[in-house]
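Colleague: The structure file my_file15.txt (compact mmCIF, C-alpha atoms) is provided below.
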```txt
# COMPACT_ATOMS: atom_id res chain seq x y z
CA MET U 1 -69.30 -68.78 -60.20
CA ARG U 2 -72.49 -67.97 -58.37
CA LYS U 3 -72.28 -65.80 -55.26
CA GLU U 4 -75.00 -67.39 -53.10
CA ARG U 5 -73.57 -68.91 -49.90
CA VAL U 6 -74.37 -72.61 -49.52
CA GLY U 7 -74.28 -74.63 -46.32
CA PHE U 8 -73.76 -78.35 -46.94
CA ALA U 9 -74.65 -80.62 -44.01
CA VAL U 10 -73.83 -84.34 -44.01
CA CYS U 11 -75.81 -86.72 -41.78
CA GLY U 12 -75.10 -90.32 -40.86
CA SER U 13 -76.44 -92.30 -43.79
CA PHE U 14 -72.90 -93.56 -44.31
CA CYS U 15 -73.73 -95.68 -47.36
CA THR U 16 -74.63 -92.51 -49.30
CA HIS U 17 -71.67 -90.35 -48.28
CA ALA U 18 -69.82 -91.06 -51.55
CA LYS U 19 -72.83 -89.86 -53.56
CA ALA U 20 -73.19 -86.81 -51.32
CA LEU U 21 -69.51 -85.92 -51.78
CA LYS U 22 -69.86 -86.18 -55.55
CA ALA U 23 -72.86 -83.82 -55.41
CA LEU U 24 -70.87 -81.48 -53.17
CA GLU U 25 -68.08 -81.44 -55.73
CA ALA U 26 -70.59 -80.34 -58.39
CA LEU U 27 -71.88 -77.61 -56.06
CA THR U 28 -68.38 -76.25 -55.47
CA GLU U 29 -68.01 -75.89 -59.23
CA ARG U 30 -71.14 -73.69 -59.34
CA TYR U 31 -71.00 -71.79 -56.06
CA GLU U 32 -68.09 -69.73 -54.78
CA THR U 33 -68.82 -70.27 -51.06
CA VAL U 34 -69.81 -73.65 -49.62
CA ILE U 35 -69.64 -74.17 -45.86
CA PRO U 36 -69.33 -77.84 -44.81
CA ILE U 37 -71.23 -79.14 -41.78
CA ALA U 38 -71.03 -82.67 -40.36
CA SER U 39 -73.47 -84.20 -37.94
CA GLU U 40 -71.91 -85.37 -34.71
CA ILE U 41 -72.25 -89.01 -35.76
CA SER U 42 -70.64 -88.35 -39.16
CA ALA U 43 -67.83 -86.31 -37.66
CA PHE U 44 -66.76 -88.88 -35.10
CA THR U 45 -67.80 -92.37 -36.24
CA ASP U 46 -65.74 -94.74 -38.36
CA THR U 47 -67.79 -97.30 -40.31
CA ARG U 48 -67.32 -99.94 -42.97
CA PHE U 49 -67.91 -97.13 -45.47
CA GLY U 50 -64.94 -95.10 -44.27
CA ALA U 51 -63.18 -93.24 -41.50
CA SER U 52 -64.69 -90.06 -40.11
CA GLU U 53 -61.33 -88.30 -40.38
CA ASP U 54 -61.29 -89.02 -44.13
CA LEU U 55 -64.81 -87.61 -44.51
CA LEU U 56 -63.90 -84.39 -42.71
CA GLU U 57 -60.72 -84.02 -44.75
CA ARG U 58 -62.62 -84.53 -48.00
CA LEU U 59 -65.28 -81.97 -46.99
CA GLU U 60 -62.58 -79.42 -46.26
CA ASP U 61 -60.62 -80.20 -49.44
CA LEU U 62 -63.70 -79.78 -51.62
CA THR U 63 -64.95 -76.57 -50.03
CA GLY U 64 -61.77 -74.88 -48.83
CA ASN U 65 -63.53 -74.25 -45.52
CA GLU U 66 -63.29 -75.81 -42.08
CA VAL U 67 -66.02 -78.31 -41.22
CA LEU U 68 -68.50 -77.16 -38.58
CA TYR U 69 -69.59 -80.00 -36.29
CA ASP U 70 -70.95 -78.47 -33.11
CA ILE U 71 -74.04 -76.46 -32.22
CA PRO U 72 -72.25 -73.22 -31.20
CA SER U 73 -70.54 -73.02 -34.60
CA VAL U 74 -73.80 -73.13 -36.61
CA GLU U 75 -76.13 -71.13 -34.34
CA PRO U 76 -74.91 -67.80 -35.84
CA PHE U 77 -76.32 -68.81 -39.25
CA GLY U 78 -79.62 -67.23 -38.21
CA PRO U 79 -78.70 -64.01 -36.42
CA LYS U 80 -75.91 -63.19 -38.85
CA GLY U 81 -77.70 -64.45 -41.99
CA LEU U 82 -74.58 -66.34 -43.08
CA LEU U 83 -76.18 -68.65 -45.68
CA ASP U 84 -78.47 -68.20 -48.65
CA ILE U 85 -79.38 -71.89 -48.75
CA LEU U 86 -78.77 -74.95 -46.60
CA VAL U 87 -78.42 -78.44 -48.07
CA ILE U 88 -78.78 -81.55 -45.90
CA ALA U 89 -77.36 -84.48 -47.85
CA PRO U 90 -77.88 -87.17 -46.89
CA ALA U 91 -80.93 -86.26 -44.81
CA THR U 92 -81.58 -89.27 -42.60
CA GLY U 93 -84.98 -90.35 -41.34
CA ASN U 94 -83.87 -89.30 -37.86
CA THR U 95 -82.97 -85.77 -38.95
CA ILE U 96 -86.15 -85.44 -41.03
CA ALA U 97 -88.22 -86.56 -38.02
CA LYS U 98 -86.53 -84.00 -35.79
CA LEU U 99 -87.08 -81.22 -38.32
CA ALA U 100 -90.75 -82.19 -38.67
CA ALA U 101 -91.17 -82.17 -34.87
CA GLY U 102 -89.19 -78.98 -34.30
CA ILE U 103 -86.48 -80.72 -32.30
CA THR U 104 -83.16 -78.90 -32.27
CA ASP U 105 -80.62 -81.07 -30.50
CA THR U 106 -77.96 -81.70 -33.15
CA VAL U 107 -75.63 -79.55 -35.20
CA VAL U 108 -77.68 -80.20 -38.37
CA THR U 109 -81.08 -79.43 -36.82
CA MET U 110 -79.64 -76.28 -35.22
CA ALA U 111 -78.19 -75.21 -38.57
CA ALA U 112 -81.63 -75.68 -40.14
CA LYS U 113 -83.49 -73.88 -37.35
CA ALA U 114 -81.08 -70.96 -37.39
CA HIS U 115 -81.18 -70.72 -41.18
CA LEU U 116 -84.98 -71.04 -41.42
CA ARG U 117 -85.50 -68.09 -39.11
CA ASN U 118 -84.49 -65.94 -42.07
CA GLY U 119 -87.06 -67.56 -44.37
CA ARG U 120 -84.41 -69.07 -46.60
CA PRO U 121 -84.51 -72.46 -48.37
CA VAL U 122 -83.44 -75.82 -46.99
CA VAL U 123 -82.82 -78.65 -49.48
CA LEU U 124 -83.19 -82.23 -48.27
CA ALA U 125 -81.64 -85.26 -50.00
CA VAL U 126 -83.57 -88.11 -48.36
CA SER U 127 -81.79 -91.31 -47.41
CA SER U 128 -83.99 -93.37 -45.11
CA ASN U 129 -84.68 -97.07 -44.69
CA ASP U 130 -88.14 -96.26 -43.26
CA GLY U 131 -89.16 -93.48 -45.65
CA LEU U 132 -92.26 -95.38 -46.77
CA SER U 133 -93.19 -96.60 -43.30
CA ALA U 134 -92.64 -94.76 -40.01
CA GLY U 135 -90.80 -91.89 -41.72
CA ALA U 136 -93.43 -91.22 -44.39
CA ARG U 137 -95.45 -88.81 -42.27
CA ASN U 138 -92.35 -86.75 -41.48
CA ILE U 139 -91.44 -86.43 -45.15
CA GLY U 140 -95.06 -85.50 -45.89
CA ASP U 141 -95.02 -82.90 -43.13
CA LEU U 142 -91.93 -81.21 -44.55
CA LEU U 143 -93.26 -81.40 -48.12
CA ALA U 144 -96.18 -79.25 -46.95
CA ARG U 145 -94.00 -76.61 -45.26
CA ARG U 146 -92.60 -73.46 -46.76
CA HIS U 147 -88.87 -73.22 -47.38
CA TYR U 148 -88.25 -76.98 -47.60
CA TYR U 149 -87.27 -78.43 -50.97
CA PHE U 150 -86.49 -82.04 -51.81
CA VAL U 151 -83.99 -83.58 -54.15
CA PRO U 152 -86.03 -86.01 -56.31
CA PHE U 153 -86.21 -89.39 -54.59
CA GLY U 154 -87.53 -92.91 -55.00
CA GLN U 155 -87.21 -96.45 -53.76
CA ASP U 156 -83.64 -97.69 -53.99
CA ASN U 157 -84.35 -101.42 -53.67
CA ALA U 158 -88.10 -102.09 -53.67
CA GLN U 159 -87.76 -105.87 -53.50
CA GLU U 160 -85.35 -106.20 -50.58
CA LYS U 161 -86.04 -102.88 -48.80
CA PRO U 162 -89.62 -101.90 -49.70
CA SER U 163 -89.75 -98.95 -47.26
CA SER U 164 -86.38 -97.47 -48.20
CA LEU U 165 -86.09 -94.14 -50.03
CA VAL U 166 -83.04 -92.40 -51.43
CA ALA U 167 -82.51 -89.15 -53.32
CA ASP U 168 -80.97 -88.98 -56.77
CA PHE U 169 -77.86 -87.11 -55.66
CA SER U 170 -76.98 -86.23 -59.26
CA ARG U 171 -80.03 -83.92 -59.21
CA LEU U 172 -78.87 -82.05 -56.11
CA PRO U 173 -77.18 -79.09 -57.85
CA ASP U 174 -80.26 -78.45 -60.02
CA THR U 175 -82.49 -78.77 -56.95
CA VAL U 176 -80.40 -76.10 -55.20
CA ASP U 177 -80.69 -73.78 -58.21
CA ALA U 178 -84.48 -74.26 -58.27
CA ALA U 179 -84.86 -73.80 -54.50
CA LEU U 180 -83.01 -70.48 -54.70
CA ARG U 181 -85.74 -69.41 -57.15
CA GLY U 182 -88.40 -70.67 -54.71
CA GLU U 183 -89.30 -73.67 -56.88
CA GLN U 184 -89.48 -77.40 -56.18
CA ILE U 185 -87.69 -79.28 -58.95
CA GLN U 186 -89.94 -81.75 -60.76
CA PRO U 187 -90.64 -84.56 -61.02
CA LEU U 188 -90.16 -85.11 -57.32
CA LEU U 189 -90.88 -88.84 -57.25
CA LEU U 190 -88.66 -91.12 -59.28
CA ARG U 191 -89.52 -94.52 -60.68
```
Please lay out the structure from this file as structure tokens.

Modeller:
Amino acid sequence: MRKERVGFAVCGSFCTHAKALKALEALTERYETVIPIASEISAFTDTRFGASEDLLERLEDLTGNEVLYDIPSVEPFGPKGLLDILVIAPATGNTIAKLAAGITDTVVTMAAKAHLRNGRPVVLAVSSNDGLSAGARNIGDLLARRHYYFVPFGQDNAQEKPSSLVADFSRLPDTVDAALRGEQIQPLLLR
């Protein structure tokens, strides 16, 4: 088991939560310490994809740690240097836009801001219906910044949702390994 401390933040792309949880399971097999984080919307919203209580329970079962879901609980990541890497999976278009603009008004954006102050990597697993339209510039902005790494992504349904992008969550553990070495896993764009 690797000793690096991983933060794993889940945002509100509810349709990809199952894939994110499977990737989290793979991470917990590689890394000794994984701290679960849930965005406010994920922590308290039931959807057709599942109940929020079930998501929180699954996050805790997989990691053995209590889920953090408020700003005061993640702010110490920076001053105390509590993580070696932060994963945001799924990373919604809304969260990506806020990160690109420097907006820190959610638990996930605060976790990223606090973590980035130490110059440590953040891995993003994109899941956005407007990734190739309004959200494209935000993804591009973060691709050009230091310390951001992306799980390889592509269009998930080009015919019916031509602007939609989603990460290949099965590549998340390898992306984390590469990001800890300061490398962007390749190829980044999937067919």

Colleague: U:Gly64: which residues within 10 Å, counting all atoms listed in the file, same-chain residues fewer than 4 positions away excluded, as a list of chain:residue names?

Modeller: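 Non-adjacent residues within range: U:Thr28, U:Thr33, U:Val34, U:Ile35, U:Pro36, U:Arg58, U:Leu59, U:Glu60.
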
Colleague: Which residue gives the smallest distance to U:Phe14 among U:Asp70, U:Glu57, U:Glu29, U:Asp46, with all atoms listed in the file counted?

Modeller: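 Comparing U:Asp70, U:Glu57, U:Glu29, U:Asp46 against U:Phe14, the winner is U:Asp46.
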
Colleague: Could you give me, as an MDAnalysis selection string, the residues that have an atom at most 10 Å away from the point (-69.9, -88.3, -49.4) in the coordinates of the file, using all atoms listed in the file?

Modeller: chainID U and resid 10:11 13:25 49:50 55:56 58:59 89:90

Colleague: Between atom CA of U:Gly7 and atom CA of U:Lys80, what distance in Å does the model show, to one decimal?

Modeller: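 Calculated distance between atom CA of U:Gly7 and atom CA of U:Lys80 is 13.8 Å.
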
Colleague: Can you tell me how far atom CA of U:Phe8 sits from atom CA of U:Ile37, in Å to one decimal?

Modeller: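 Atom-to-atom, atom CA of U:Phe8 and atom CA of U:Ile37 are spaced 5.8 Å apart.
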
Colleague: Around (-74.2, -63.3, -48.2), as given in the file, which residues come within 9 Å? Count only C-alpha atoms and list them as a list of chain:residue names.

Modeller: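 Those residues, ordered by chain and then number, are U:Lys3, U:Glu4, U:Arg5, U:Gly81, U:Leu82, U:Leu83, U:Asp84.
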
Colleague: Output C-alpha atoms for every residue in the selection just made, as a PDB file, keeping the file's coordinate frame.

Modeller:
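And here is the file that came out, out.pdb:
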```
ATOM      1  CA  LYS U   3     -72.280 -65.800 -55.260  1.00  0.00           C
ATOM      2  CA  GLU U   4     -75.000 -67.390 -53.100  1.00  0.00           C
ATOM      3  CA  ARG U   5     -73.570 -68.910 -49.900  1.00  0.00           C
ATOM      4  CA  GLY U  81     -77.700 -64.450 -41.990  1.00  0.00           C
ATOM      5  CA  LEU U  82     -74.580 -66.340 -43.080  1.00  0.00           C
ATOM      6  CA  LEU U  83     -76.180 -68.650 -45.680  1.00  0.00           C
ATOM      7  CA  ASP U  84     -78.470 -68.200 -48.650  1.00  0.00           C
TER       8      ASP U  84
END
```
